[in-house]
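Okay, data00.pdb is below, PDB, C-alpha atoms and all ligand atoms:
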ATOM      1  CA  MET V  24    -146.118 153.495  71.081  1.00  0.00           C
ATOM      2  CA  SER V  25    -144.945 156.136  73.549  1.00  0.00           C
ATOM      3  CA  SER V  26    -147.384 158.694  74.901  1.00  0.00           C
ATOM      4  CA  ILE V  27    -146.830 162.264  75.981  1.00  0.00           C
ATOM      5  CA  GLU V  28    -148.528 163.505  79.135  1.00  0.00           C
ATOM      6  CA  HIS V  29    -149.646 167.100  79.326  1.00  0.00           C
ATOM      7  CA  THR V  30    -150.420 168.931  82.550  1.00  0.00           C
ATOM      8  CA  VAL V  31    -152.692 171.943  82.381  1.00  0.00           C
ATOM      9  CA  LEU V  32    -151.718 174.676  84.818  1.00  0.00           C
ATOM     10  CA  TYR V  33    -154.384 177.145  85.836  1.00  0.00           C
ATOM     11  CA  GLU V  34    -153.492 180.664  86.875  1.00  0.00           C
ATOM     12  CA  GLN V  35    -155.391 180.369  90.159  1.00  0.00           C
ATOM     13  CA  GLY V  36    -153.023 177.561  91.174  1.00  0.00           C
ATOM     14  CA  MET V  37    -149.986 179.773  90.751  1.00  0.00           C
ATOM     15  CA  ASP V  38    -148.395 182.384  92.957  1.00  0.00           C
ATOM     16  CA  LEU V  39    -147.496 185.047  90.436  1.00  0.00           C
ATOM     17  CA  ASP V  40    -145.599 187.055  93.073  1.00  0.00           C
ATOM     18  CA  PHE V  41    -143.387 184.119  94.029  1.00  0.00           C
ATOM     19  CA  MET V  42    -140.428 185.153  91.883  1.00  0.00           C
ATOM     20  CA  GLU V  43    -140.625 188.706  93.256  1.00  0.00           C
ATOM     21  CA  ARG V  44    -140.588 187.320  96.802  1.00  0.00           C
ATOM     22  CA  VAL V  45    -137.498 185.170  96.120  1.00  0.00           C
ATOM     23  CA  HIS V  46    -135.903 188.062  94.247  1.00  0.00           C
ATOM     24  CA  GLU V  47    -136.206 190.328  97.285  1.00  0.00           C
ATOM     25  CA  ILE V  48    -134.538 187.901  99.711  1.00  0.00           C
ATOM     26  CA  PRO V  49    -130.726 188.274  99.964  1.00  0.00           C
ATOM     27  CA  GLY V  50    -129.179 185.733  97.582  1.00  0.00           C
ATOM     28  CA  GLY V  51    -132.165 185.624  95.235  1.00  0.00           C
ATOM     29  CA  GLY V  52    -131.502 188.950  93.557  1.00  0.00           C
ATOM     30  CA  ALA V  53    -130.362 187.778  90.125  1.00  0.00           C
ATOM     31  CA  ILE V  54    -133.002 185.119  89.510  1.00  0.00           C
ATOM     32  CA  LYS V  55    -134.764 187.239  86.883  1.00  0.00           C
ATOM     33  CA  ARG V  56    -131.660 187.080  84.676  1.00  0.00           C
ATOM     34  CA  CYS V  57    -131.885 183.291  84.092  1.00  0.00           C
ATOM     35  CA  ILE V  58    -131.668 182.427  80.388  1.00  0.00           C
ATOM     36  CA  GLN V  59    -132.468 178.717  80.948  1.00  0.00           C
ATOM     37  CA  CYS V  60    -129.135 177.666  79.449  1.00  0.00           C
ATOM     38  CA  GLY V  61    -128.993 174.541  81.640  1.00  0.00           C
ATOM     39  CA  THR V  62    -125.361 174.997  82.711  1.00  0.00           C
ATOM     40  CA  CYS V  63    -126.400 174.551  86.345  1.00  0.00           C
ATOM     41  CA  SER V  64    -128.101 171.210  85.648  1.00  0.00           C
ATOM     42  CA  GLY V  65    -125.185 170.003  83.525  1.00  0.00           C
ATOM     43  CA  THR V  66    -122.743 170.967  86.286  1.00  0.00           C
ATOM     44  CA  CYS V  67    -124.675 169.653  89.297  1.00  0.00           C
ATOM     45  CA  PRO V  68    -123.107 166.409  90.614  1.00  0.00           C
ATOM     46  CA  VAL V  69    -126.387 165.214  92.121  1.00  0.00           C
ATOM     47  CA  SER V  70    -128.866 166.273  89.423  1.00  0.00           C
ATOM     48  CA  TRP V  71    -129.259 162.590  88.532  1.00  0.00           C
ATOM     49  CA  ALA V  72    -130.922 162.077  91.924  1.00  0.00           C
ATOM     50  CA  MET V  73    -133.160 165.149  91.780  1.00  0.00           C
ATOM     51  CA  GLU V  74    -136.864 165.240  91.033  1.00  0.00           C
ATOM     52  CA  GLU V  75    -136.368 168.430  89.053  1.00  0.00           C
ATOM     53  CA  SER V  76    -133.031 169.770  87.843  1.00  0.00           C
ATOM     54  CA  PRO V  77    -131.714 173.100  89.170  1.00  0.00           C
ATOM     55  CA  ARG V  78    -132.646 174.726  85.830  1.00  0.00           C
ATOM     56  CA  GLN V  79    -136.202 173.448  86.185  1.00  0.00           C
ATOM     57  CA  ILE V  80    -136.449 174.703  89.777  1.00  0.00           C
ATOM     58  CA  ILE V  81    -135.410 178.197  88.650  1.00  0.00           C
ATOM     59  CA  ALA V  82    -137.969 178.031  85.807  1.00  0.00           C
ATOM     60  CA  MET V  83    -140.693 176.878  88.226  1.00  0.00           C
ATOM     61  CA  VAL V  84    -139.949 179.741  90.635  1.00  0.00           C
ATOM     62  CA  ARG V  85    -140.197 182.190  87.736  1.00  0.00           C
ATOM     63  CA  ALA V  86    -143.491 180.599  86.641  1.00  0.00           C
ATOM     64  CA  GLY V  87    -144.987 180.996  90.122  1.00  0.00           C
ATOM     65  CA  LEU V  88    -145.258 177.254  90.866  1.00  0.00           C
ATOM     66  CA  ARG V  89    -144.796 177.902  94.558  1.00  0.00           C
ATOM     67  CA  ASP V  90    -146.405 174.723  95.906  1.00  0.00           C
ATOM     68  CA  ARG V  91    -144.569 172.398  93.538  1.00  0.00           C
ATOM     69  CA  VAL V  92    -141.234 174.064  94.296  1.00  0.00           C
ATOM     70  CA  LEU V  93    -141.662 174.018  98.083  1.00  0.00           C
ATOM     71  CA  GLU V  94    -142.816 170.383  98.044  1.00  0.00           C
ATOM     72  CA  SER V  95    -140.014 169.286  95.708  1.00  0.00           C
ATOM     73  CA  ALA V  96    -137.360 166.944  97.101  1.00  0.00           C
ATOM     74  CA  THR V  97    -134.819 168.709  94.877  1.00  0.00           C
ATOM     75  CA  ILE V  98    -134.219 171.541  97.320  1.00  0.00           C
ATOM     76  CA  TRP V  99    -133.257 168.932  99.931  1.00  0.00           C
ATOM     77  CA  THR V 100    -131.164 166.883  97.505  1.00  0.00           C
ATOM     78  CA  CYS V 101    -128.960 169.902  96.773  1.00  0.00           C
ATOM     79  CA  ALA V 102    -125.573 169.236  98.393  1.00  0.00           C
ATOM     80  CA  SER V 103    -124.626 172.952  98.601  1.00  0.00           C
ATOM     81  CA  CYS V 104    -121.442 172.361  96.614  1.00  0.00           C
ATOM     82  CA  TYR V 105    -121.702 175.738  94.798  1.00  0.00           C
ATOM     83  CA  PHE V 106    -120.584 174.289  91.412  1.00  0.00           C
ATOM     84  CA  CYS V 107    -123.670 175.691  89.693  1.00  0.00           C
ATOM     85  CA  THR V 108    -123.196 179.109  91.271  1.00  0.00           C
ATOM     86  CA  VAL V 109    -119.589 179.316  90.087  1.00  0.00           C
ATOM     87  CA  ARG V 110    -120.519 178.364  86.509  1.00  0.00           C
ATOM     88  CA  CYS V 111    -123.781 180.225  85.958  1.00  0.00           C
ATOM     89  CA  PRO V 112    -123.153 182.714  83.101  1.00  0.00           C
ATOM     90  CA  GLN V 113    -125.743 185.072  84.603  1.00  0.00           C
ATOM     91  CA  GLU V 114    -124.143 185.041  88.061  1.00  0.00           C
ATOM     92  CA  ILE V 115    -127.276 183.697  89.697  1.00  0.00           C
ATOM     93  CA  LYS V 116    -126.586 182.394  93.199  1.00  0.00           C
ATOM     94  CA  ILE V 117    -128.403 179.119  92.643  1.00  0.00           C
ATOM     95  CA  THR V 118    -127.136 177.543  95.872  1.00  0.00           C
ATOM     96  CA  ASP V 119    -128.420 180.528  97.840  1.00  0.00           C
ATOM     97  CA  VAL V 120    -131.755 180.263  96.022  1.00  0.00           C
ATOM     98  CA  MET V 121    -131.937 176.627  97.173  1.00  0.00           C
ATOM     99  CA  TYR V 122    -131.355 177.808 100.761  1.00  0.00           C
ATOM    100  CA  ILE V 123    -134.078 180.446 100.393  1.00  0.00           C
ATOM    101  CA  LEU V 124    -136.493 177.760  99.194  1.00  0.00           C
ATOM    102  CA  LYS V 125    -135.520 175.453 102.069  1.00  0.00           C
ATOM    103  CA  ARG V 126    -136.177 178.206 104.599  1.00  0.00           C
ATOM    104  CA  LEU V 127    -139.567 178.981 103.049  1.00  0.00           C
ATOM    105  CA  ALA V 128    -140.484 175.267 103.067  1.00  0.00           C
ATOM    106  CA  ILE V 129    -139.560 174.968 106.749  1.00  0.00           C
ATOM    107  CA  ARG V 130    -141.401 178.148 107.667  1.00  0.00           C
ATOM    108  CA  GLU V 131    -144.548 176.906 105.925  1.00  0.00           C
ATOM    109  CA  HIS V 132    -144.277 173.431 107.546  1.00  0.00           C
ATOM    110  CA  ARG V 133    -144.292 171.721 104.161  1.00  0.00           C
ATOM    111  CA  GLU V 134    -144.731 167.949 104.335  1.00  0.00           C
ATOM    112  CA  ARG V 135    -141.419 167.191 102.653  1.00  0.00           C
ATOM    113  CA  SER V 136    -139.475 169.211 105.240  1.00  0.00           C
ATOM    114  CA  LYS V 137    -140.984 167.702 108.412  1.00  0.00           C
ATOM    115  CA  ARG V 138    -138.180 165.182 109.031  1.00  0.00           C
ATOM    116  CA  ILE V 139    -135.611 167.895 108.283  1.00  0.00           C
ATOM    117  CA  GLN V 140    -137.280 170.145 110.855  1.00  0.00           C
ATOM    118  CA  THR V 141    -137.097 167.370 113.455  1.00  0.00           C
ATOM    119  CA  PHE V 142    -133.417 166.803 112.648  1.00  0.00           C
ATOM    120  CA  SER V 143    -132.684 170.522 112.876  1.00  0.00           C
ATOM    121  CA  ARG V 144    -134.547 170.898 116.203  1.00  0.00           C
ATOM    122  CA  LEU V 145    -132.688 167.956 117.761  1.00  0.00           C
ATOM    123  CA  PHE V 146    -129.345 169.303 116.511  1.00  0.00           C
ATOM    124  CA  VAL V 147    -130.035 172.692 118.131  1.00  0.00           C
ATOM    125  CA  GLU V 148    -131.082 170.969 121.372  1.00  0.00           C
ATOM    126  CA  LEU V 149    -127.749 169.107 121.470  1.00  0.00           C
ATOM    127  CA  VAL V 150    -125.753 172.259 120.819  1.00  0.00           C
ATOM    128  CA  ASN V 151    -127.627 173.925 123.679  1.00  0.00           C
ATOM    129  CA  GLU V 152    -126.902 170.953 125.956  1.00  0.00           C
ATOM    130  CA  TYR V 153    -123.252 170.300 125.110  1.00  0.00           C
ATOM    131  CA  GLY V 154    -122.051 173.236 123.037  1.00  0.00           C
ATOM    132  CA  ARG V 155    -121.408 170.890 120.110  1.00  0.00           C
ATOM    133  CA  ASN V 156    -123.018 168.134 118.100  1.00  0.00           C
ATOM    134  CA  HIS V 157    -122.825 164.529 119.287  1.00  0.00           C
ATOM    135  CA  GLU V 158    -123.416 162.090 116.424  1.00  0.00           C
ATOM    136  CA  PHE V 159    -124.579 159.131 118.504  1.00  0.00           C
ATOM    137  CA  ALA V 160    -127.073 161.134 120.553  1.00  0.00           C
ATOM    138  CA  LEU V 161    -128.337 162.911 117.428  1.00  0.00           C
ATOM    139  CA  MET V 162    -128.958 159.696 115.490  1.00  0.00           C
ATOM    140  CA  ARG V 163    -130.537 157.985 118.519  1.00  0.00           C
ATOM    141  CA  ARG V 164    -132.916 160.879 119.176  1.00  0.00           C
ATOM    142  CA  PHE V 165    -133.709 161.296 115.478  1.00  0.00           C
ATOM    143  CA  LEU V 166    -134.512 157.620 114.967  1.00  0.00           C
ATOM    144  CA  LEU V 167    -136.625 157.483 118.120  1.00  0.00           C
ATOM    145  CA  ALA V 168    -138.552 160.583 117.010  1.00  0.00           C
ATOM    146  CA  THR V 169    -139.127 159.509 113.405  1.00  0.00           C
ATOM    147  CA  ARG V 170    -139.082 155.686 113.240  1.00  0.00           C
ATOM    148  CA  PRO V 171    -138.595 153.965 116.622  1.00  0.00           C
ATOM    149  CA  PHE V 172    -138.545 150.474 115.090  1.00  0.00           C
ATOM    150  CA  GLY V 173    -135.788 151.648 112.752  1.00  0.00           C
ATOM    151  CA  ALA V 174    -133.778 152.593 115.850  1.00  0.00           C
ATOM    152  CA  LEU V 175    -133.825 148.952 116.958  1.00  0.00           C
ATOM    153  CA  LYS V 176    -132.724 147.839 113.491  1.00  0.00           C
ATOM    154  CA  GLU V 177    -129.800 150.291 113.444  1.00  0.00           C
ATOM    155  CA  SER V 178    -128.585 149.363 116.932  1.00  0.00           C
ATOM    156  CA  GLY V 179    -126.355 146.604 115.449  1.00  0.00           C
ATOM    157  CA  VAL V 180    -124.616 149.125 113.198  1.00  0.00           C
ATOM    158  CA  ALA V 181    -124.151 151.466 116.139  1.00  0.00           C
ATOM    159  CA  TRP V 182    -122.619 148.657 118.205  1.00  0.00           C
ATOM    160  CA  ASN V 183    -120.166 147.762 115.406  1.00  0.00           C
ATOM    161  CA  LEU V 184    -119.090 151.385 115.109  1.00  0.00           C
ATOM    162  CA  LYS V 185    -118.728 151.642 118.887  1.00  0.00           C
ATOM    163  CA  THR V 186    -116.525 148.513 119.152  1.00  0.00           C
ATOM    164  CA  ARG V 187    -114.253 149.930 116.417  1.00  0.00           C
ATOM    165  CA  GLY V 188    -113.894 153.211 118.289  1.00  0.00           C
ATOM    166  CA  ARG V 189    -115.711 155.144 115.542  1.00  0.00           C
ATOM    167  CA  LEU V 190    -118.719 156.198 117.597  1.00  0.00           C
ATOM    168  CA  PRO V 191    -118.134 157.608 121.083  1.00  0.00           C
ATOM    169  CA  LEU V 192    -121.271 157.056 123.174  1.00  0.00           C
ATOM    170  CA  GLY V 193    -120.708 159.731 125.818  1.00  0.00           C
ATOM    171  CA  ALA V 194    -121.066 163.416 124.954  1.00  0.00           C
ATOM    172  CA  LYS V 195    -118.576 165.875 126.484  1.00  0.00           C
ATOM    173  CA  PRO V 196    -119.634 169.500 126.851  1.00  0.00           C
ATOM    174  CA  VAL V 197    -117.343 172.277 125.612  1.00  0.00           C
ATOM    175  CA  LYS V 198    -115.329 174.173 128.242  1.00  0.00           C
ATOM    176  CA  ASP V 199    -117.242 177.454 128.442  1.00  0.00           C
ATOM    177  CA  LEU V 200    -120.754 176.153 127.879  1.00  0.00           C
ATOM    178  CA  ASP V 201    -122.373 179.057 129.722  1.00  0.00           C
ATOM    179  CA  GLY V 202    -120.477 181.545 127.549  1.00  0.00           C
ATOM    180  CA  LEU V 203    -121.663 179.777 124.399  1.00  0.00           C
ATOM    181  CA  ARG V 204    -125.247 179.758 125.678  1.00  0.00           C
ATOM    182  CA  ARG V 205    -125.055 183.517 126.222  1.00  0.00           C
ATOM    183  CA  ILE V 206    -123.861 183.952 122.597  1.00  0.00           C
ATOM    184  CA  ILE V 207    -126.717 181.770 121.296  1.00  0.00           C
ATOM    185  CA  ALA V 208    -129.265 183.663 123.421  1.00  0.00           C
ATOM    186  CA  LYS V 209    -127.968 186.970 122.034  1.00  0.00           C
ATOM    187  CA  ALA V 210    -128.164 185.658 118.455  1.00  0.00           C
ATOM    188  CA  GLN V 211    -131.753 184.537 119.064  1.00  0.00           C
ATOM    189  CA  GLU V 212    -132.573 187.939 120.533  1.00  0.00           C
ATOM    190  CA  LEU V 213    -131.190 189.682 117.442  1.00  0.00           C
ATOM    191  CA  GLY V 214    -133.302 187.381 115.250  1.00  0.00           C
ATOM    192  CA  GLY V 215    -133.053 187.500 111.456  1.00  0.00           C
ATOM    193  CA  GLU V 216    -133.809 184.966 108.756  1.00  0.00           C
ATOM    194  CA  ALA V 217    -134.749 181.518 110.073  1.00  0.00           C
TER     195      ALA V 217
HETATM  196  S1  LIG S 301    -126.845 178.287  84.724  1.00  0.00           S
HETATM  197 FE1  LIG S 301    -127.799 180.194  85.419  1.00  0.00          FE
HETATM  198  S2  LIG S 301    -128.704 181.107  83.572  1.00  0.00           S
HETATM  199 FE2  LIG S 301    -128.269 178.960  83.100  1.00  0.00          FE
HETATM  200  S3  LIG S 301    -130.217 177.864  83.573  1.00  0.00           S
HETATM  201 FE3  LIG S 301    -128.936 177.774  85.405  1.00  0.00          FE
HETATM  202  S4  LIG S 301    -129.585 179.555  86.643  1.00  0.00           S
HETATM  203 FE4  LIG S 301    -130.309 179.902  84.553  1.00  0.00          FE
HETATM  204  S1  LIG S 302    -125.143 173.683  94.853  1.00  0.00           S
HETATM  205 FE1  LIG S 302    -126.821 172.179  94.773  1.00  0.00          FE
HETATM  206  S2  LIG S 302    -127.856 172.577  92.833  1.00  0.00           S
HETATM  207 FE2  LIG S 302    -125.863 173.582  92.722  1.00  0.00          FE
HETATM  208  S3  LIG S 302    -124.493 172.097  91.736  1.00  0.00           S
HETATM  209 FE3  LIG S 302    -124.273 171.797  93.951  1.00  0.00          FE
HETATM  210  S4  LIG S 302    -125.770 170.234  94.502  1.00  0.00           S
HETATM  211 FE4  LIG S 302    -126.323 170.977  92.453  1.00  0.00          FE
END

Please render this file's structure as structure tokens.
Amino acid sequence: MSSIEHTVLYEQGMDLDFMERVHEIPGGGAIKRCIQCGTCSGTCPVSWAMEESPRQIIAMVRAGLRDRVLESATIWTCASCYFCTVRCPQEIKITDVMYILKRLAIREHRERSKRIQTFSRLFVELVNEYGRNHEFALMRRFLLATRPFGALKESGVAWNLKTRGRLPLGAKPVKDLDGLRRIIAKAQELGGEA
């Protein structure tokens, strides 16, 4: 016999201003118009791999389930393909909402986003060093920072890719690296959304 589990949600565990907060951030403006039609979930090519569907995430934001939303792997599973945004009958920018939630999760140092933060920091470091990404250096630094024993395990794959000319080991800086650094410094000075 199957059983149905019920979860009781108490008001003190909710952030009743959460939807207003998301609504005020550029990209989140139409979230109040959601009619829970499920078109986004039916359209999403990776909803099968998500903990909660896009429709559920929107419903959870509206219900003030801030912690559950910001700890959900769904926001990181989103592939930013914009299918849902194009098809939403209420013109809700669901992809942008996912980005808003990712930024909030990073800003609040949520557990689920820690590896993403490491990846992002290392990527920015490489761009500052070379003016561009370098896949080999990024993967090496990321593996060493997050699972050093995994780095040893992956070294065989890296060697195979290298011998087939698919993974250049040396990073070459862009021509006007100093110019690019000045642009990045100016952008950081101007600030804005993280
Ligand atoms: S498609 Fe739009 S209106 Fe429908 S559930 Fe998704 S966000 Fe809400
Ligand atoms: S943008 Fe994200 S949530 Fe929307 S359909 Fe694509 S993967 Fe799914």

Please put the answer as lines of an AutoDock Vina configuration file: centre and edge lengths, in Å with one decimal, of a box along x, y and z that encloses all listed atoms of ligand LIG 302 (chain S) plus 4 Å on each side.
center_x = -126.1
center_y = 172.0
center_z = 93.3
size_x = 11.6
size_y = 11.4
size_z = 11.1

| query | Would you name the residues within 6 Å of ligand LIG 302 (chain S), counting all atoms listed in the file, and put them as an MDAnalysis selection string? | reply | chainID V and resid 66:69 77 101:107 118

| request: Using all atoms listed in the file, find the one residue out of V:Glu94, V:Glu114, V:Glu148, V:Asp38 that sits nearest to Arg135 (chain V). | output: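 Using all atoms listed in the file, Arg135 (chain V) sits closest to V:Glu94.
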
Using all atoms listed in the file, find each residue of chain V with at least one atom at most 9 Å away from an atom of ligand LIG 301 (chain S); report its shortest atom-to-atom pair and that distance in Å (one decimal), sort the rows by chain and rising residue number, and return the result as a Markdown table.
| residue | atom | partner | partner_atom | distance |
| --- | --- | --- | --- | --- |
| V:Ala53 | CA | S:LIG301 | S4 | 9.0 |
| V:Ile54 | CA | S:LIG301 | S4 | 7.1 |
| V:Lys55 | CA | S:LIG301 | FE4 | 8.9 |
| V:Arg56 | CA | S:LIG301 | S2 | 6.8 |
| V:Cys57 | CA | S:LIG301 | FE4 | 3.8 |
| V:Ile58 | CA | S:LIG301 | S2 | 4.5 |
| V:Gln59 | CA | S:LIG301 | S3 | 3.6 |
| V:Cys60 | CA | S:LIG301 | FE2 | 4.0 |
| V:Gly61 | CA | S:LIG301 | S3 | 4.0 |
| V:Thr62 | CA | S:LIG301 | S1 | 4.1 |
| V:Cys63 | CA | S:LIG301 | S1 | 4.1 |
| V:Ser64 | CA | S:LIG301 | FE3 | 6.6 |
| V:Gly65 | CA | S:LIG301 | S1 | 8.5 |
| V:Thr66 | CA | S:LIG301 | S1 | 8.5 |
| V:Pro77 | CA | S:LIG301 | FE3 | 6.6 |
| V:Arg78 | CA | S:LIG301 | S3 | 4.6 |
| V:Gln79 | CA | S:LIG301 | S3 | 7.9 |
| V:Ile80 | CA | S:LIG301 | S4 | 9.0 |
| V:Ile81 | CA | S:LIG301 | S4 | 6.3 |
| V:Ala82 | CA | S:LIG301 | FE4 | 8.0 |
| V:Cys107 | CA | S:LIG301 | S1 | 6.4 |
| V:Thr108 | CA | S:LIG301 | FE1 | 7.5 |
| V:Arg110 | CA | S:LIG301 | S1 | 6.6 |
| V:Cys111 | CA | S:LIG301 | S1 | 3.8 |
| V:Pro112 | CA | S:LIG301 | FE1 | 5.8 |
| V:Gln113 | CA | S:LIG301 | S2 | 5.1 |
| V:Glu114 | CA | S:LIG301 | FE1 | 6.6 |
| V:Ile115 | CA | S:LIG301 | FE1 | 5.6 |
| V:Lys116 | CA | S:LIG301 | S4 | 7.7 |
| V:Ile117 | CA | S:LIG301 | S4 | 6.1 |

| message | For the PyMOL selection byres (((chain V and resi 33-35) around 12) and not hetatm), applied here, can you spell out every residue it catches as a list in words? | response | Thr30, Val31, Leu32, Gly36, Met37, Asp38, Leu39, Asp40, Ala86, Gly87, Leu88 and Arg89 of chain V

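The residue that comes closest to Val45 (chain V), out of V:Phe159, V:Trp99, V:Tyr122, V:Phe165 and on the basis of all atoms listed in the file, is V:Tyr122.
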
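The space separating CA of Phe142 (chain V) from CA of Leu166 (chain V) comes to 9.5 Å.
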
So what does the PyMOL selection byres (((chain V and resi 191-195) around 8) and not hetatm) actually pick up in this one, as an mmCIF file with C-alpha atoms, in the coordinates of the input?
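What follows is the written file out_9.cif:
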data_model
loop_
_atom_site.group_PDB
_atom_site.id
_atom_site.type_symbol
_atom_site.label_atom_id
_atom_site.label_comp_id
_atom_site.auth_asym_id
_atom_site.auth_seq_id
_atom_site.Cartn_x
_atom_site.Cartn_y
_atom_site.Cartn_z
ATOM 1 C CA TYR V 153 -123.252 170.300 125.110
ATOM 2 C CA HIS V 157 -122.825 164.529 119.287
ATOM 3 C CA PHE V 159 -124.579 159.131 118.504
ATOM 4 C CA ALA V 160 -127.073 161.134 120.553
ATOM 5 C CA LYS V 185 -118.728 151.642 118.887
ATOM 6 C CA GLY V 188 -113.894 153.211 118.289
ATOM 7 C CA ARG V 189 -115.711 155.144 115.542
ATOM 8 C CA LEU V 190 -118.719 156.198 117.597
ATOM 9 C CA PRO V 196 -119.634 169.500 126.851
ATOM 10 C CA VAL V 197 -117.343 172.277 125.612
#

| task | May I ask for the distance between CA of Met42 (chain V) and CA of Val92 (chain V), given in Å to one decimal place? | result |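 Straight-line distance from CA of Met42 (chain V) to CA of Val92 (chain V) works out to 11.4 Å.
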